[in-house]
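Enquirer: I am sharing model06.txt, which consists of compact mmCIF, C-alpha atoms:
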# COMPACT_ATOMS: atom_id res chain seq x y z
CA MET K 1 -4.44 13.25 39.13
CA GLY K 2 -3.89 9.63 40.16
CA VAL K 3 -1.50 8.76 37.40
CA THR K 4 2.04 9.05 38.60
CA GLN K 5 4.58 10.18 36.07
CA ASP K 6 6.32 6.83 35.76
CA ASN K 7 3.28 4.63 35.11
CA LYS K 8 1.99 6.79 32.24
CA TYR K 9 4.11 4.72 29.87
CA GLU K 10 2.86 1.50 31.47
CA ARG K 11 -0.74 2.52 30.96
CA LEU K 12 0.01 3.57 27.40
CA GLY K 13 1.72 0.23 26.75
CA LYS K 14 -1.25 -1.63 28.15
CA SER K 15 -3.62 0.28 25.82
CA ILE K 16 -1.43 -0.52 22.82
CA ARG K 17 -1.33 -4.20 23.81
CA GLU K 18 -5.10 -4.40 24.28
CA GLU K 19 -5.75 -2.77 20.89
CA ARG K 20 -3.17 -4.98 19.17
CA LEU K 21 -4.68 -8.16 20.65
CA ALA K 22 -8.22 -6.99 19.86
CA GLN K 23 -7.14 -6.86 16.24
CA GLY K 24 -5.43 -10.26 16.43
CA LEU K 25 -2.04 -8.81 15.54
CA SER K 26 1.22 -10.30 16.77
CA GLN K 27 3.97 -8.06 18.13
CA ARG K 28 6.10 -9.02 15.12
CA THR K 29 3.31 -7.96 12.72
CA LEU K 30 2.83 -4.60 14.47
CA ALA K 31 6.60 -4.06 14.51
CA GLY K 32 6.65 -4.63 10.75
CA MET K 33 3.73 -2.24 10.25
CA ILE K 34 5.67 0.60 11.88
CA GLY K 35 8.82 -0.08 9.92
CA GLN K 36 10.70 -2.07 12.53
CA PRO K 37 10.37 -5.51 10.91
CA ASN K 38 12.84 -7.39 13.05
CA SER K 39 12.09 -6.01 16.43
CA HIS K 40 9.05 -7.44 18.05
CA THR K 41 11.07 -6.98 21.25
CA TYR K 42 10.69 -3.24 20.70
CA ILE K 43 6.92 -3.69 20.80
CA THR K 44 7.26 -5.92 23.86
CA ARG K 45 9.17 -3.18 25.69
CA VAL K 46 6.76 -0.45 24.56
CA GLU K 47 3.83 -2.52 25.81
CA GLN K 48 5.62 -3.01 29.16
CA GLY K 49 6.05 0.74 29.48
CA LYS K 50 9.82 0.38 29.40
CA ILE K 51 10.29 2.76 26.49
CA LYS K 52 9.51 6.47 26.79
CA ILE K 53 7.89 6.54 23.42
CA GLY K 54 7.62 9.89 21.63
CA LEU K 55 4.50 11.27 19.99
CA GLU K 56 5.80 10.60 16.48
CA GLN K 57 6.42 6.91 17.11
CA LEU K 58 3.14 6.73 18.99
CA GLY K 59 1.54 8.27 15.91
CA ARG K 60 2.99 5.51 13.73
CA ILE K 61 1.65 2.83 16.09
CA ALA K 62 -1.78 4.50 16.22
CA ASP K 63 -1.85 4.75 12.42
CA ALA K 64 -0.88 1.05 12.12
CA LEU K 65 -3.70 0.14 14.50
CA GLY K 66 -6.09 2.47 12.70
CA VAL K 67 -6.85 4.49 15.82
CA GLU K 68 -6.11 8.03 17.02
CA VAL K 69 -3.20 8.68 19.39
CA ARG K 70 -5.69 10.00 21.95
CA ASP K 71 -7.56 6.66 21.81
CA LEU K 72 -4.46 5.03 23.28
CA ILE K 73 -4.11 7.56 26.11
CA ASP K 74 -6.47 7.13 29.05
CA PHE K 75 -4.98 9.80 31.30
CA MET I 1 -4.41 9.96 9.06
CA GLY I 2 -4.01 13.56 7.96
CA VAL I 3 -1.67 14.57 10.70
CA THR I 4 1.88 14.40 9.49
CA GLN I 5 4.48 13.37 12.02
CA ASP I 6 6.11 16.75 12.33
CA ASN I 7 3.01 18.85 12.99
CA LYS I 8 1.80 16.68 15.89
CA TYR I 9 3.87 18.80 18.25
CA GLU I 10 2.50 21.98 16.63
CA ARG I 11 -1.08 20.83 17.18
CA LEU I 12 -0.28 19.82 20.73
CA GLY I 13 1.34 23.21 21.36
CA LYS I 14 -1.71 24.96 19.98
CA SER I 15 -3.99 23.00 22.33
CA ILE I 16 -1.81 23.87 25.32
CA ARG I 17 -1.83 27.55 24.32
CA GLU I 18 -5.62 27.61 23.88
CA GLU I 19 -6.19 25.97 27.26
CA ARG I 20 -3.68 28.26 28.97
CA LEU I 21 -5.30 31.40 27.50
CA ALA I 22 -8.79 30.10 28.31
CA GLN I 23 -7.68 30.01 31.93
CA GLY I 24 -6.09 33.46 31.73
CA LEU I 25 -2.65 32.13 32.60
CA SER I 26 0.56 33.72 31.36
CA GLN I 27 3.37 31.58 29.98
CA ARG I 28 5.46 32.60 32.99
CA THR I 29 2.74 31.44 35.40
CA LEU I 30 2.36 28.09 33.65
CA ALA I 31 6.15 27.66 33.59
CA GLY I 32 6.19 28.23 37.34
CA MET I 33 3.35 25.74 37.85
CA ILE I 34 5.39 22.97 36.21
CA GLY I 35 8.50 23.76 38.18
CA GLN I 36 10.33 25.80 35.55
CA PRO I 37 9.89 29.23 37.15
CA ASN I 38 12.31 31.19 35.01
CA SER I 39 11.58 29.74 31.64
CA HIS I 40 8.48 31.09 30.03
CA THR I 41 10.50 30.71 26.83
CA TYR I 42 10.24 26.95 27.37
CA ILE I 43 6.45 27.29 27.30
CA THR I 44 6.71 29.54 24.23
CA ARG I 45 8.68 26.87 22.38
CA VAL I 46 6.36 24.04 23.53
CA GLU I 47 3.36 26.03 22.29
CA GLN I 48 5.12 26.58 18.94
CA GLY I 49 5.66 22.83 18.60
CA LYS I 50 9.41 23.32 18.67
CA ILE I 51 10.00 20.94 21.57
CA LYS I 52 9.33 17.21 21.28
CA ILE I 53 7.72 17.10 24.67
CA GLY I 54 7.57 13.75 26.44
CA LEU I 55 4.50 12.25 28.11
CA GLU I 56 5.80 12.97 31.60
CA GLN I 57 6.30 16.69 30.97
CA LEU I 58 2.99 16.76 29.12
CA GLY I 59 1.47 15.18 32.21
CA ARG I 60 2.85 17.98 34.38
CA ILE I 61 1.41 20.61 32.02
CA ALA I 62 -1.96 18.84 31.92
CA ASP I 63 -1.99 18.59 35.72
CA ALA I 64 -1.14 22.31 36.01
CA LEU I 65 -4.01 23.14 33.64
CA GLY I 66 -6.31 20.73 35.46
CA VAL I 67 -7.03 18.69 32.35
CA GLU I 68 -6.20 15.18 31.15
CA VAL I 69 -3.27 14.62 28.76
CA ARG I 70 -5.71 13.24 26.20
CA ASP I 71 -7.70 16.51 26.36
CA LEU I 72 -4.66 18.23 24.87
CA ILE I 73 -4.24 15.71 22.04
CA ASP I 74 -6.64 16.07 19.12
CA PHE I 75 -5.08 13.46 16.85
Represent the structure of the file as structure tokens.

Expert:
Amino acid sequence: MGVTQDNKYERLGKSIREERLAQGLSQRTLAGMIGQPNSHTYITRVEQGKIKIGLEQLGRIADALGVEVRDLIDF
Amino acid sequence: MGVTQDNKYERLGKSIREERLAQGLSQRTLAGMIGQPNSHTYITRVEQGKIKIGLEQLGRIADALGVEVRDLIDF
């Protein structure tokens, strides 16, 4: 498997970013949709792969984007 | 989305169990394959959804089973 352990979160963040932008959502809007209204920086850090996001939070982001968790995982 | 937050780990555990059994692997063998040789109980608890497993550990399990992480996630 080519995906090293550390860049899994980077790839995940990239998928989230691409889906968010495809839907024309700002980081602040997505943050609000997952119940973190004042922390677009949280979304910034998730999209940069700097947060080891758990499946539950990933589930909330997927729900907000109207996709399945597995749609955001390409490894 | 019908999958409540808490049973995501149960569904994931079920997928891991099904894949492990399909390959005729014991929990002890799989534990050894991910570098936790003496803790088949760890695999038991992961398969029961009792451990909030992170993407990196999930990656090790997927690698050991020769599948992609997303193959183990059906939500």

Enquirer: For a test of reading the model, state the distance in Å between CA of Glu47 (chain K) and CA of Glu19 (chain K), rounded to one decimal.

Expert: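 Taking CA of Glu47 (chain K) as the start and CA of Glu19 (chain K) as the end point, the length is 10.8 Å.
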
Enquirer: For Gly66 (chain K), find every residue with an atom within 12 Å (counting only C-alpha atoms), except residues of its own chain fewer than 6 positions away, and show them as a PDB file with C-alpha atoms, keeping the file's coordinate frame.

Expert:
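See out_0.pdb below for the written result:
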ATOM      1  CA  ILE K  16      -1.430  -0.520  22.820  1.00  0.00           C
ATOM      2  CA  GLU K  19      -5.750  -2.770  20.890  1.00  0.00           C
ATOM      3  CA  ARG K  20      -3.170  -4.980  19.170  1.00  0.00           C
ATOM      4  CA  GLN K  23      -7.140  -6.860  16.240  1.00  0.00           C
ATOM      5  CA  LEU K  30       2.830  -4.600  14.470  1.00  0.00           C
ATOM      6  CA  MET K  33       3.730  -2.240  10.250  1.00  0.00           C
ATOM      7  CA  ILE K  34       5.670   0.600  11.880  1.00  0.00           C
ATOM      8  CA  LEU K  58       3.140   6.730  18.990  1.00  0.00           C
ATOM      9  CA  GLY K  59       1.540   8.270  15.910  1.00  0.00           C
ATOM     10  CA  ARG K  60       2.990   5.510  13.730  1.00  0.00           C
ATOM     11  CA  LEU K  72      -4.460   5.030  23.280  1.00  0.00           C
TER      12      LEU K  72
ATOM     13  CA  MET I   1      -4.410   9.960   9.060  1.00  0.00           C
ATOM     14  CA  PHE I  75      -5.080  13.460  16.850  1.00  0.00           C
TER      15      PHE I  75
END

Enquirer: Using only C-alpha atoms for the distances, tell me which of I:Asp74, I:Glu56, I:Glu68, I:Asp63 is nearest to Lys8 (chain K).

Expert: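 Smallest distance to Lys8 (chain K) is found for I:Glu56.
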
Enquirer: Measure the distance from CA of Gln27 (chain I) to CA of Lys14 (chain I) in Å and round it to one decimal.

Expert: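 These atoms are spaced 13.0 Å apart.
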
Enquirer: Please report the interatomic distance between CA of Gly54 (chain I) and CA of Lys52 (chain K) in Å with one decimal.

Expert: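 Separation between CA of Gly54 (chain I) and CA of Lys52 (chain K): 7.5 Å.
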
Enquirer: Point out the residue among I:Glu18, I:Pro37, I:Tyr42, I:Leu12 with the least atom-to-atom distance to chain K, counting only C-alpha atoms.

Expert: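 Of I:Glu18, I:Pro37, I:Tyr42, I:Leu12, the one nearest chain K is I:Leu12, counting only C-alpha atoms.
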
Enquirer: Write out as a list of chain:residue names which residues come within 10 Å of Ala31 (chain K) when counting only C-alpha atoms, dropping same-chain ones fewer than 2 positions away.

Expert: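 Everything that qualifies: K:Leu25, K:Ser26, K:Gln27, K:Arg28, K:Thr29, K:Met33, K:Ile34, K:Gly35, K:Gln36, K:Pro37, K:Asn38, K:Ser39, K:His40, K:Thr41, K:Tyr42, K:Ile43, K:Thr44, K:Ile61, K:Ala64.
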
Enquirer: For each of I:Gln48, I:Gly32, I:Glu10, I:Leu21, take the minimum atom-to-atom distance to chain K, counting all atoms listed in the file, then give the residue where this is smallest.

Expert: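 Of the candidates, the smallest distance to chain K is held by I:Glu10.
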